[in-house]
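Structure data follow from target_27.cif (mmCIF, C-alpha atoms and all ligand atoms):
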data_my_file
loop_
_atom_site.group_PDB
_atom_site.id
_atom_site.type_symbol
_atom_site.label_atom_id
_atom_site.label_comp_id
_atom_site.auth_asym_id
_atom_site.auth_seq_id
_atom_site.Cartn_x
_atom_site.Cartn_y
_atom_site.Cartn_z
ATOM 1 C CA MET M 534 -14.439 23.309 -2.033
ATOM 2 C CA THR M 535 -15.305 22.525 1.582
ATOM 3 C CA ASP M 536 -13.808 23.679 4.843
ATOM 4 C CA THR M 537 -13.889 20.286 6.545
ATOM 5 C CA PRO M 538 -10.575 19.573 8.301
ATOM 6 C CA PHE M 539 -7.962 17.623 6.344
ATOM 7 C CA SER M 540 -8.009 13.851 6.840
ATOM 8 C CA PHE M 541 -6.083 10.952 5.311
ATOM 9 C CA GLU M 542 -9.265 8.843 5.506
ATOM 10 C CA PRO M 543 -11.198 8.174 2.281
ATOM 11 C CA VAL M 544 -14.347 10.181 1.687
ATOM 12 C CA SER M 545 -17.164 8.288 3.408
ATOM 13 C CA ALA M 546 -19.922 6.900 1.192
ATOM 14 C CA GLY M 547 -22.279 8.129 3.892
ATOM 15 C CA ASP M 548 -21.143 11.693 3.264
ATOM 16 C CA LEU M 549 -20.899 11.478 -0.523
ATOM 17 C CA PRO M 550 -22.186 8.579 -2.665
ATOM 18 C CA ARG M 551 -19.453 6.554 -4.364
ATOM 19 C CA PHE M 552 -20.519 7.651 -7.834
ATOM 20 C CA ALA M 553 -20.470 11.343 -6.940
ATOM 21 C CA GLY M 554 -17.715 13.912 -6.760
ATOM 22 C CA MET M 555 -14.325 13.883 -8.453
ATOM 23 C CA PRO M 556 -12.663 10.460 -8.312
ATOM 24 C CA SER M 557 -9.341 9.911 -6.562
ATOM 25 C CA PHE M 558 -7.681 6.553 -5.930
ATOM 26 C CA MET M 559 -9.799 4.773 -3.290
ATOM 27 C CA ARG M 560 -11.469 8.137 -2.462
ATOM 28 C CA LEU M 561 -8.292 9.254 -0.697
ATOM 29 C CA PRO M 562 -7.276 12.898 -0.415
ATOM 30 C CA HIS M 563 -5.351 14.362 -3.356
ATOM 31 C CA VAL M 564 -1.952 15.366 -1.967
ATOM 32 C CA PRO M 565 0.387 16.302 -4.831
ATOM 33 C CA MET M 566 4.110 16.828 -4.351
ATOM 34 C CA GLY M 567 4.676 20.254 -2.836
ATOM 35 C CA SER M 568 1.259 20.534 -1.168
ATOM 36 C CA ASP M 569 0.614 21.040 2.542
ATOM 37 C CA HIS M 570 0.324 17.474 3.817
ATOM 38 C CA PHE M 571 2.804 15.799 1.457
ATOM 39 C CA ASP M 572 5.436 15.341 4.178
ATOM 40 C CA LYS M 573 2.995 13.266 6.245
ATOM 41 C CA VAL M 574 2.214 10.722 3.502
ATOM 42 C CA ASP M 575 3.382 7.142 4.197
ATOM 43 C CA ILE M 576 2.027 5.471 1.051
ATOM 44 C CA GLY M 577 1.428 7.487 -2.095
ATOM 45 C CA ILE M 578 -0.795 6.157 -4.866
ATOM 46 C CA ILE M 579 0.454 7.548 -8.162
ATOM 47 C CA GLY M 580 -0.815 7.368 -11.733
ATOM 48 C CA VAL M 581 1.627 7.117 -14.621
ATOM 49 C CA PRO M 582 -0.565 7.777 -17.676
ATOM 50 C CA TRP M 583 1.940 6.721 -20.292
ATOM 51 C CA ASP M 584 2.088 3.944 -22.889
ATOM 52 C CA GLY M 585 4.883 5.114 -25.165
ATOM 53 C CA GLY M 586 6.634 1.770 -24.628
ATOM 54 C CA THR M 587 3.788 -0.275 -26.083
ATOM 55 C CA SER M 588 4.782 -2.455 -29.029
ATOM 56 C CA ASN M 589 1.359 -3.609 -30.191
ATOM 57 C CA ARG M 590 -2.090 -2.638 -28.890
ATOM 58 C CA PRO M 591 -1.900 0.653 -26.939
ATOM 59 C CA GLY M 592 -4.143 2.258 -24.359
ATOM 60 C CA PRO M 593 -2.675 2.001 -20.835
ATOM 61 C CA ARG M 594 -2.118 5.762 -20.876
ATOM 62 C CA HIS M 595 -5.819 5.822 -20.035
ATOM 63 C CA GLY M 596 -5.353 3.339 -17.177
ATOM 64 C CA PRO M 597 -4.919 5.691 -14.216
ATOM 65 C CA ARG M 598 -8.105 7.637 -14.911
ATOM 66 C CA GLN M 599 -10.299 4.532 -15.261
ATOM 67 C CA LEU M 600 -8.589 2.855 -12.287
ATOM 68 C CA ARG M 601 -9.319 5.957 -10.191
ATOM 69 C CA ASP M 602 -12.968 5.871 -11.240
ATOM 70 C CA LEU M 603 -13.476 2.169 -10.500
ATOM 71 C CA SER M 604 -11.422 2.333 -7.280
ATOM 72 C CA THR M 605 -14.113 4.505 -5.720
ATOM 73 C CA MET M 606 -16.007 1.238 -5.044
ATOM 74 C CA ILE M 607 -13.306 0.028 -2.654
ATOM 75 C CA ARG M 608 -14.244 0.070 1.019
ATOM 76 C CA ASP M 609 -11.900 0.463 3.946
ATOM 77 C CA ARG M 610 -11.451 -3.015 5.447
ATOM 78 C CA HIS M 611 -9.677 -6.079 4.032
ATOM 79 C CA GLN M 612 -12.072 -9.018 3.754
ATOM 80 C CA VAL M 613 -9.678 -11.605 5.235
ATOM 81 C CA SER M 614 -7.136 -9.878 7.465
ATOM 82 C CA GLY M 615 -9.507 -7.198 8.702
ATOM 83 C CA LEU M 616 -6.755 -4.649 8.092
ATOM 84 C CA ARG M 617 -7.904 -1.065 7.693
ATOM 85 C CA PRO M 618 -5.001 0.308 5.662
ATOM 86 C CA PHE M 619 -6.256 3.894 5.542
ATOM 87 C CA SER M 620 -6.517 4.033 9.341
ATOM 88 C CA THR M 621 -3.129 2.356 9.842
ATOM 89 C CA LYS M 622 -0.923 4.469 7.541
ATOM 90 C CA ASN M 623 -1.350 7.844 5.890
ATOM 91 C CA CYS M 624 -2.358 7.001 2.336
ATOM 92 C CA ALA M 625 -3.020 9.581 -0.360
ATOM 93 C CA ASP M 626 -3.537 10.003 -4.087
ATOM 94 C CA LEU M 627 -0.467 11.957 -5.156
ATOM 95 C CA GLY M 628 -1.906 12.594 -8.612
ATOM 96 C CA ASP M 629 -0.185 11.689 -11.853
ATOM 97 C CA CYS M 630 3.549 11.560 -12.450
ATOM 98 C CA PRO M 631 4.728 14.042 -15.106
ATOM 99 C CA ILE M 632 5.269 12.346 -18.475
ATOM 100 C CA ASN M 633 5.903 13.199 -22.112
ATOM 101 C CA PRO M 634 3.486 11.372 -24.433
ATOM 102 C CA ILE M 635 5.601 11.754 -27.578
ATOM 103 C CA ASP M 636 9.223 11.519 -26.398
ATOM 104 C CA LEU M 637 10.053 8.144 -24.853
ATOM 105 C CA MET M 638 13.476 9.022 -23.442
ATOM 106 C CA ALA M 639 12.178 12.297 -21.987
ATOM 107 C CA ALA M 640 9.315 10.380 -20.361
ATOM 108 C CA LEU M 641 11.727 7.934 -18.740
ATOM 109 C CA ASP M 642 13.713 10.834 -17.271
ATOM 110 C CA LEU M 643 10.575 12.558 -15.988
ATOM 111 C CA ILE M 644 9.375 9.359 -14.307
ATOM 112 C CA SER M 645 12.727 8.482 -12.719
ATOM 113 C CA GLY M 646 13.146 12.069 -11.504
ATOM 114 C CA TYR M 647 9.713 12.007 -9.900
ATOM 115 C CA TYR M 648 10.250 8.652 -8.181
ATOM 116 C CA THR M 649 13.657 9.748 -6.932
ATOM 117 C CA LYS M 650 11.863 12.565 -5.106
ATOM 118 C CA ILE M 651 9.218 10.151 -3.827
ATOM 119 C CA ALA M 652 11.946 7.918 -2.398
ATOM 120 C CA GLN M 653 13.770 10.890 -0.870
ATOM 121 C CA ALA M 654 10.498 11.956 0.781
ATOM 122 C CA GLY M 655 10.298 8.531 2.457
ATOM 123 C CA ILE M 656 7.036 7.719 0.670
ATOM 124 C CA THR M 657 6.297 4.151 -0.416
ATOM 125 C CA PRO M 658 4.767 4.342 -3.916
ATOM 126 C CA LEU M 659 1.861 2.261 -5.193
ATOM 127 C CA THR M 660 1.667 2.978 -8.906
ATOM 128 C CA ALA M 661 -1.107 2.598 -11.472
ATOM 129 C CA GLY M 662 0.237 2.337 -15.022
ATOM 130 C CA GLY M 663 0.801 2.865 -17.757
ATOM 131 C CA ASP M 664 2.566 0.233 -19.788
ATOM 132 C CA HIS M 665 5.210 -1.972 -18.202
ATOM 133 C CA LEU M 666 8.182 0.112 -19.319
ATOM 134 C CA ILE M 667 7.299 2.561 -16.519
ATOM 135 C CA SER M 668 8.659 0.046 -13.989
ATOM 136 C CA LEU M 669 12.196 0.742 -15.273
ATOM 137 C CA PRO M 670 12.299 4.470 -14.399
ATOM 138 C CA ILE M 671 10.415 3.733 -11.174
ATOM 139 C CA LEU M 672 13.176 1.284 -10.204
ATOM 140 C CA ARG M 673 15.803 3.889 -11.159
ATOM 141 C CA GLY M 674 14.194 6.167 -8.602
ATOM 142 C CA LEU M 675 13.790 3.557 -5.873
ATOM 143 C CA ALA M 676 17.032 1.540 -6.126
ATOM 144 C CA GLN M 677 19.281 4.324 -4.836
ATOM 145 C CA ASN M 678 20.908 2.116 -2.173
ATOM 146 C CA GLY M 679 21.675 -0.948 -4.243
ATOM 147 C CA PRO M 680 19.833 -3.562 -6.233
ATOM 148 C CA LEU M 681 16.346 -4.597 -5.189
ATOM 149 C CA GLY M 682 14.601 -7.947 -5.224
ATOM 150 C CA MET M 683 11.364 -8.254 -7.155
ATOM 151 C CA ILE M 684 8.278 -10.420 -7.222
ATOM 152 C CA HIS M 685 6.770 -10.059 -10.685
ATOM 153 C CA PHE M 686 3.370 -11.367 -11.797
ATOM 154 C CA ASP M 687 3.096 -11.424 -15.584
ATOM 155 C CA ALA M 688 2.366 -13.593 -18.602
ATOM 156 C CA HIS M 689 5.663 -12.248 -19.995
ATOM 157 C CA THR M 690 9.158 -12.011 -18.564
ATOM 158 C CA ASP M 691 9.728 -8.494 -19.956
ATOM 159 C CA LEU M 692 13.371 -9.581 -20.227
ATOM 160 C CA ALA M 693 13.605 -9.138 -24.010
ATOM 161 C CA ASP M 694 16.621 -7.296 -25.340
ATOM 162 C CA SER M 695 15.289 -5.091 -28.113
ATOM 163 C CA ALA M 696 12.750 -4.751 -30.894
ATOM 164 C CA PHE M 697 12.130 -2.864 -34.106
ATOM 165 C CA GLY M 698 15.721 -2.719 -35.260
ATOM 166 C CA GLY M 699 17.488 -2.509 -31.921
ATOM 167 C CA VAL M 700 15.257 -0.228 -29.829
ATOM 168 C CA LYS M 701 16.194 -1.033 -26.239
ATOM 169 C CA TYR M 702 13.276 0.561 -24.427
ATOM 170 C CA HIS M 703 9.784 -0.858 -24.765
ATOM 171 C CA HIS M 704 7.373 -2.674 -22.493
ATOM 172 C CA GLY M 705 8.994 -6.040 -23.204
ATOM 173 C CA THR M 706 12.443 -4.947 -21.942
ATOM 174 C CA PRO M 707 12.163 -3.129 -18.576
ATOM 175 C CA PHE M 708 13.578 -5.871 -16.376
ATOM 176 C CA ARG M 709 16.459 -6.756 -18.723
ATOM 177 C CA ARG M 710 17.513 -3.095 -18.578
ATOM 178 C CA ALA M 711 16.947 -3.011 -14.802
ATOM 179 C CA ILE M 712 19.218 -6.023 -14.285
ATOM 180 C CA GLU M 713 21.868 -4.579 -16.639
ATOM 181 C CA GLU M 714 21.727 -1.261 -14.760
ATOM 182 C CA GLY M 715 22.130 -2.955 -11.381
ATOM 183 C CA LEU M 716 18.668 -1.896 -10.191
ATOM 184 C CA LEU M 717 17.570 -5.495 -9.632
ATOM 185 C CA ASP M 718 19.537 -8.412 -8.217
ATOM 186 C CA PRO M 719 18.575 -11.166 -10.687
ATOM 187 C CA LYS M 720 19.104 -13.844 -8.041
ATOM 188 C CA ARG M 721 16.354 -12.202 -5.997
ATOM 189 C CA VAL M 722 13.883 -11.841 -8.869
ATOM 190 C CA VAL M 723 10.907 -14.194 -9.148
ATOM 191 C CA GLN M 724 8.560 -14.154 -12.143
ATOM 192 C CA ILE M 725 5.227 -15.930 -11.801
ATOM 193 C CA GLY M 726 2.717 -16.869 -14.510
ATOM 194 C CA ILE M 727 4.959 -16.834 -17.594
ATOM 195 C CA ARG M 728 3.329 -18.272 -20.726
ATOM 196 C CA GLY M 729 2.455 -17.691 -24.343
ATOM 197 C CA THR M 730 4.154 -18.152 -27.674
ATOM 198 C CA LYS M 731 7.725 -16.888 -27.515
ATOM 199 C CA ALA M 732 10.405 -15.668 -29.887
ATOM 200 C CA PHE M 733 12.708 -13.438 -27.872
ATOM 201 C CA GLY M 734 15.338 -15.551 -26.075
ATOM 202 C CA ASP M 735 14.143 -13.761 -22.948
ATOM 203 C CA VAL M 736 13.584 -16.833 -20.772
ATOM 204 C CA GLU M 737 17.011 -18.244 -21.624
ATOM 205 C CA TRP M 738 18.730 -14.943 -20.760
ATOM 206 C CA GLY M 739 16.814 -14.651 -17.488
ATOM 207 C CA LEU M 740 17.719 -18.167 -16.412
ATOM 208 C CA GLU M 741 21.393 -17.445 -17.156
ATOM 209 C CA GLN M 742 21.240 -14.429 -14.830
ATOM 210 C CA GLY M 743 19.686 -16.503 -12.071
ATOM 211 C CA VAL M 744 16.117 -15.232 -12.305
ATOM 212 C CA ARG M 745 13.546 -17.714 -10.971
ATOM 213 C CA ILE M 746 11.006 -18.029 -13.770
ATOM 214 C CA ILE M 747 7.865 -19.913 -12.792
ATOM 215 C CA THR M 748 5.796 -20.751 -15.845
ATOM 216 C CA ILE M 749 2.056 -21.055 -15.539
ATOM 217 C CA GLU M 750 2.396 -24.833 -15.951
ATOM 218 C CA GLU M 751 4.881 -25.117 -13.085
ATOM 219 C CA TRP M 752 2.715 -22.785 -10.996
ATOM 220 C CA TYR M 753 -0.283 -25.041 -11.676
ATOM 221 C CA ASP M 754 1.636 -28.127 -10.594
ATOM 222 C CA LEU M 755 3.180 -26.584 -7.472
ATOM 223 C CA GLY M 756 0.155 -24.674 -6.206
ATOM 224 C CA ILE M 757 -0.130 -21.200 -4.750
ATOM 225 C CA LYS M 758 1.280 -21.925 -1.300
ATOM 226 C CA ALA M 759 4.454 -23.628 -2.528
ATOM 227 C CA VAL M 760 5.057 -20.947 -5.165
ATOM 228 C CA MET M 761 4.607 -18.065 -2.767
ATOM 229 C CA ASP M 762 6.657 -19.741 -0.023
ATOM 230 C CA GLU M 763 9.481 -20.080 -2.536
ATOM 231 C CA ALA M 764 9.088 -16.497 -3.734
ATOM 232 C CA ARG M 765 9.280 -15.216 -0.148
ATOM 233 C CA GLN M 766 12.364 -17.308 0.479
ATOM 234 C CA ILE M 767 14.104 -15.992 -2.648
ATOM 235 C CA VAL M 768 13.596 -12.293 -1.856
ATOM 236 C CA GLY M 769 14.187 -12.872 1.856
ATOM 237 C CA ASP M 770 14.175 -9.797 4.065
ATOM 238 C CA HIS M 771 15.927 -7.621 1.473
ATOM 239 C CA PRO M 772 14.206 -4.564 -0.027
ATOM 240 C CA THR M 773 11.820 -5.871 -2.653
ATOM 241 C CA TYR M 774 9.591 -4.387 -5.330
ATOM 242 C CA VAL M 775 6.316 -5.939 -6.518
ATOM 243 C CA SER M 776 5.265 -5.539 -10.139
ATOM 244 C CA PHE M 777 1.866 -6.811 -11.198
ATOM 245 C CA ASP M 778 1.014 -6.913 -14.908
ATOM 246 C CA ILE M 779 -2.756 -7.290 -15.303
ATOM 247 C CA ASP M 780 -2.102 -9.660 -18.228
ATOM 248 C CA SER M 781 -0.907 -12.262 -15.708
ATOM 249 C CA ILE M 782 -4.627 -12.763 -15.115
ATOM 250 C CA ASP M 783 -6.591 -14.683 -17.727
ATOM 251 C CA PRO M 784 -8.180 -12.516 -20.447
ATOM 252 C CA ALA M 785 -11.536 -13.991 -19.442
ATOM 253 C CA PHE M 786 -11.221 -11.798 -16.335
ATOM 254 C CA ALA M 787 -8.936 -9.076 -17.697
ATOM 255 C CA PRO M 788 -9.648 -8.509 -21.393
ATOM 256 C CA GLY M 789 -8.662 -4.858 -21.199
ATOM 257 C CA THR M 790 -4.963 -5.219 -21.870
ATOM 258 C CA GLY M 791 -2.712 -5.012 -24.901
ATOM 259 C CA THR M 792 -0.913 -8.368 -24.871
ATOM 260 C CA PRO M 793 -3.395 -10.946 -23.562
ATOM 261 C CA GLU M 794 -2.351 -14.579 -23.127
ATOM 262 C CA ILE M 795 -4.866 -17.300 -22.426
ATOM 263 C CA GLY M 796 -4.461 -19.766 -19.566
ATOM 264 C CA GLY M 797 -3.768 -17.270 -16.790
ATOM 265 C CA PHE M 798 -4.728 -16.736 -13.161
ATOM 266 C CA THR M 799 -8.292 -16.265 -12.036
ATOM 267 C CA SER M 800 -9.074 -13.083 -10.116
ATOM 268 C CA LEU M 801 -9.231 -15.071 -6.868
ATOM 269 C CA GLU M 802 -5.883 -16.775 -7.487
ATOM 270 C CA ALA M 803 -4.319 -13.340 -8.029
ATOM 271 C CA GLN M 804 -5.795 -12.086 -4.756
ATOM 272 C CA LEU M 805 -4.628 -15.161 -2.850
ATOM 273 C CA MET M 806 -1.077 -14.749 -4.157
ATOM 274 C CA VAL M 807 -0.765 -11.046 -3.386
ATOM 275 C CA ARG M 808 -1.997 -11.728 0.152
ATOM 276 C CA LYS M 809 1.019 -13.999 0.645
ATOM 277 C CA LEU M 810 3.346 -10.969 0.343
ATOM 278 C CA GLY M 811 2.468 -9.572 3.773
ATOM 279 C CA GLY M 812 5.420 -8.874 6.061
ATOM 280 C CA LEU M 813 8.041 -8.699 3.312
ATOM 281 C CA ASN M 814 10.363 -5.675 3.124
ATOM 282 C CA LEU M 815 8.479 -3.986 0.289
ATOM 283 C CA VAL M 816 9.701 -0.686 -1.151
ATOM 284 C CA GLY M 817 6.836 -0.215 -3.588
ATOM 285 C CA ALA M 818 4.468 -1.878 -6.013
ATOM 286 C CA ASP M 819 2.817 -1.261 -9.349
ATOM 287 C CA LEU M 820 -0.197 -2.463 -11.309
ATOM 288 C CA VAL M 821 0.329 -1.987 -15.018
ATOM 289 C CA GLU M 822 -1.072 -2.600 -18.495
ATOM 290 C CA VAL M 823 -4.755 -1.911 -17.869
ATOM 291 C CA SER M 824 -5.904 -0.641 -21.273
ATOM 292 C CA PRO M 825 -9.399 0.863 -21.051
ATOM 293 C CA PRO M 826 -9.991 1.035 -24.826
ATOM 294 C CA PHE M 827 -10.028 -2.784 -24.870
ATOM 295 C CA ASP M 828 -12.527 -3.015 -22.007
ATOM 296 C CA GLN M 829 -14.800 -0.054 -21.801
ATOM 297 C CA SER M 830 -17.034 -1.938 -19.348
ATOM 298 C CA GLY M 831 -14.463 -1.179 -16.663
ATOM 299 C CA ALA M 832 -14.307 -4.813 -15.497
ATOM 300 C CA THR M 833 -10.545 -4.999 -16.041
ATOM 301 C CA ALA M 834 -10.020 -1.709 -14.260
ATOM 302 C CA TRP M 835 -12.179 -2.881 -11.360
ATOM 303 C CA LEU M 836 -10.033 -6.002 -11.102
ATOM 304 C CA GLY M 837 -6.899 -3.852 -11.326
ATOM 305 C CA ALA M 838 -8.115 -1.449 -8.659
ATOM 306 C CA SER M 839 -8.980 -4.398 -6.414
ATOM 307 C CA ILE M 840 -5.487 -5.869 -6.868
ATOM 308 C CA MET M 841 -4.123 -2.419 -6.002
ATOM 309 C CA PHE M 842 -6.056 -2.592 -2.723
ATOM 310 C CA GLU M 843 -4.500 -6.003 -2.024
ATOM 311 C CA LEU M 844 -1.065 -4.543 -2.816
ATOM 312 C CA LEU M 845 -1.748 -1.568 -0.565
ATOM 313 C CA CYS M 846 -2.609 -3.894 2.323
ATOM 314 C CA VAL M 847 0.638 -5.873 2.003
ATOM 315 C CA LEU M 848 2.634 -2.641 1.743
ATOM 316 C CA VAL M 849 1.019 -1.568 5.032
ATOM 317 C CA GLU M 850 1.648 -4.966 6.630
ATOM 318 C CA GLY M 851 5.314 -4.779 5.606
ATOM 319 C CA MET M 852 5.694 -1.403 7.317
ATOM 320 C CA GLY M 853 4.866 -2.974 10.686
HETATM 321 MN MN MN K 1 4.638 -6.943 -18.417
HETATM 322 MN MN MN K 2 2.608 -8.995 -19.778
#
Hey, can you dump this file as structure tokens for me?
Amino acid sequence: MTDTPFSFEPVSAGDLPRFAGMPSFMRLPHVPMGSDHFDKVDIGIIGVPWDGGTSNRPGPRHGPRQLRDLSTMIRDRHQVSGLRPFSTKNCADLGDCPINPIDLMAALDLISGYYTKIAQAGITPLTAGGDHLISLPILRGLAQNGPLGMIHFDAHTDLADSAFGGVKYHHGTPFRRAIEEGLLDPKRVVQIGIRGTKAFGDVEWGLEQGVRIITIEEWYDLGIKAVMDEARQIVGDHPTYVSFDIDSIDPAFAPGTGTPEIGGFTSLEAQLMVRKLGGLNLVGADLVEVSPPFDQSGATAWLGASIMFELLCVLVEGMG
């Protein structure tokens, strides 16, 4: 399209207005697996446009495209730390992970195969979902050298066992499967923001495994600093994954999601918590469950894209 030299910097709004051109995550270069500059990528932003694990209201298959669009409003400098992530590490939009929209088990294999290659390439992935089941095959790809820790923001534990007559794989089960498969060390898993009416036995099972489950009420009583200090202590300096379900945030701010629960974080509280993850040994992060059909205004996707920028900054900070 142009013969300007390749750069890992986002397209400047001075060169091309933010609403113009083809959108990529944060206006970064599109560097798919197998292309020229792939081996120089430090952090790859990846879409997983798949919601075959959704049990109720679908739509997150459309998340990556709307998140890309809204993410074009993100500028290059963090408002608090001053970090310029795109100048510090080579960041790129790797495109979308291959999926199968009608065969759940085939989709899981495609996603885990792709993330295995991402890990082998030494790229730290920042993923835009997709429903929350995608975190399971992502962890299968990333946990090649033993179980990971995880800091998980969600209204739900996603530790349920099964649904619909024994189906083991849906977006309420990824972390139960991940613990069973040895991908996560349950004693280094922290879940923050858990709430809502329950019927699954998921919390009880998680507590038995040693998962630290911080309900929204306990979070409210303890406060952000105490919660995040504890979370950092639990994962320690071990390799840790961050999974952020947009439904952890209150539906007043994030209505575009399939399983909303009232009484959640504000946008600012979510930002303040993610910022506390800087310096941890992070192997990747995801932002899942943005469902554009339930918020065609794009407000939820803008919030999701902004949380992705916060996640990107702590991934960069953790890389030293
Ligand atoms: Mn979830
Ligand atoms: Mn959830």
Counting all atoms listed in the file, what residues are within 8 Å of ligand MN 2 (chain K), given as a list in words?
His665, Asp687, Ala688, His689, Thr690, Asp691, Gly705, Asp778, Ile779, Asp780, Ser781, Thr792, Pro793 and Glu822 of chain M
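Remark: for ligand MN 1 (chain K), the closest of the candidate residues M:His685, M:Arg709, M:His611, M:His570 is M:His685 (distances computed over all atoms listed in the file).
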Can you tell me how far CA of Lys573 in chain M sits from CA of Leu813 in chain M, in Å to one decimal?
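Taking CA of Lys573 in chain M as the start and CA of Leu813 in chain M as the end point, the length is 22.7 Å.
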Written as JSON, numbers by chain, which residues does the PyMOL selection byres (((chain M and resi 702) around 10) and not hetatm) give for the file shown?
{"M": [585, 586, 587, 637, 638, 641, 666, 669, 693, 694, 695, 696, 699, 700, 701, 703, 704, 705, 706, 707, 709, 710]}
Can you spit out the residues from that selection as a compact mmCIF listing (two decimals), in the coordinates of the input, using C-alpha atoms?
# COMPACT_ATOMS: atom_id res chain seq x y z
CA GLY M 585 4.88 5.11 -25.16
CA GLY M 586 6.63 1.77 -24.63
CA THR M 587 3.79 -0.28 -26.08
CA LEU M 637 10.05 8.14 -24.85
CA MET M 638 13.48 9.02 -23.44
CA LEU M 641 11.73 7.93 -18.74
CA LEU M 666 8.18 0.11 -19.32
CA LEU M 669 12.20 0.74 -15.27
CA ALA M 693 13.60 -9.14 -24.01
CA ASP M 694 16.62 -7.30 -25.34
CA SER M 695 15.29 -5.09 -28.11
CA ALA M 696 12.75 -4.75 -30.89
CA GLY M 699 17.49 -2.51 -31.92
CA VAL M 700 15.26 -0.23 -29.83
CA LYS M 701 16.19 -1.03 -26.24
CA HIS M 703 9.78 -0.86 -24.76
CA HIS M 704 7.37 -2.67 -22.49
CA GLY M 705 8.99 -6.04 -23.20
CA THR M 706 12.44 -4.95 -21.94
CA PRO M 707 12.16 -3.13 -18.58
CA ARG M 709 16.46 -6.76 -18.72
CA ARG M 710 17.51 -3.10 -18.58
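Distances from M:Phe558, M:Phe733, M:Phe777, M:Tyr753 to ligand MN 1 (chain K) were compared using only C-alpha atoms and all ligand atoms, and the smallest one belongs to M:Phe777.
For the atom pair formed by CA of Thr621 in chain M and CA of Pro543 in chain M, the distance is 12.5 Å, given to one decimal.
Nearest to ligand MN 1 (chain K) of all the residues M:Val807, M:Ile667, M:Ala711, M:Ile840 is M:Ile667, counting all atoms listed in the file.
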Near-Gly646 in chain M list (9 Å; all atoms listed in the file; drop same-chain fewer than 3 positions) as a PyMOL selection string:
chain M and resi 641-643+649-651+670-671+673-674
Let me know the residues the PyMOL selection byres (((chain M and resi 612) around 12) and not hetatm) catches in the file above, as a list in words.
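Given this file, the PyMOL selection byres (((chain M and resi 612) around 12) and not hetatm) evaluates to Ile607, Arg608, Asp609, Arg610, His611, Val613, Ser614, Gly615, Leu616, Arg617, Pro618, Gln804, Leu805, Arg808, Ser839, Phe842, Glu843 and Cys846 of chain M.
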Exactly which residues make up the result of the PyMOL selection byres (((chain M and resi 809) around 10) and not hetatm) on this file, given as a ChimeraX atom specification?
/M:757-758,760-762,764-765,804-808,810-813,847
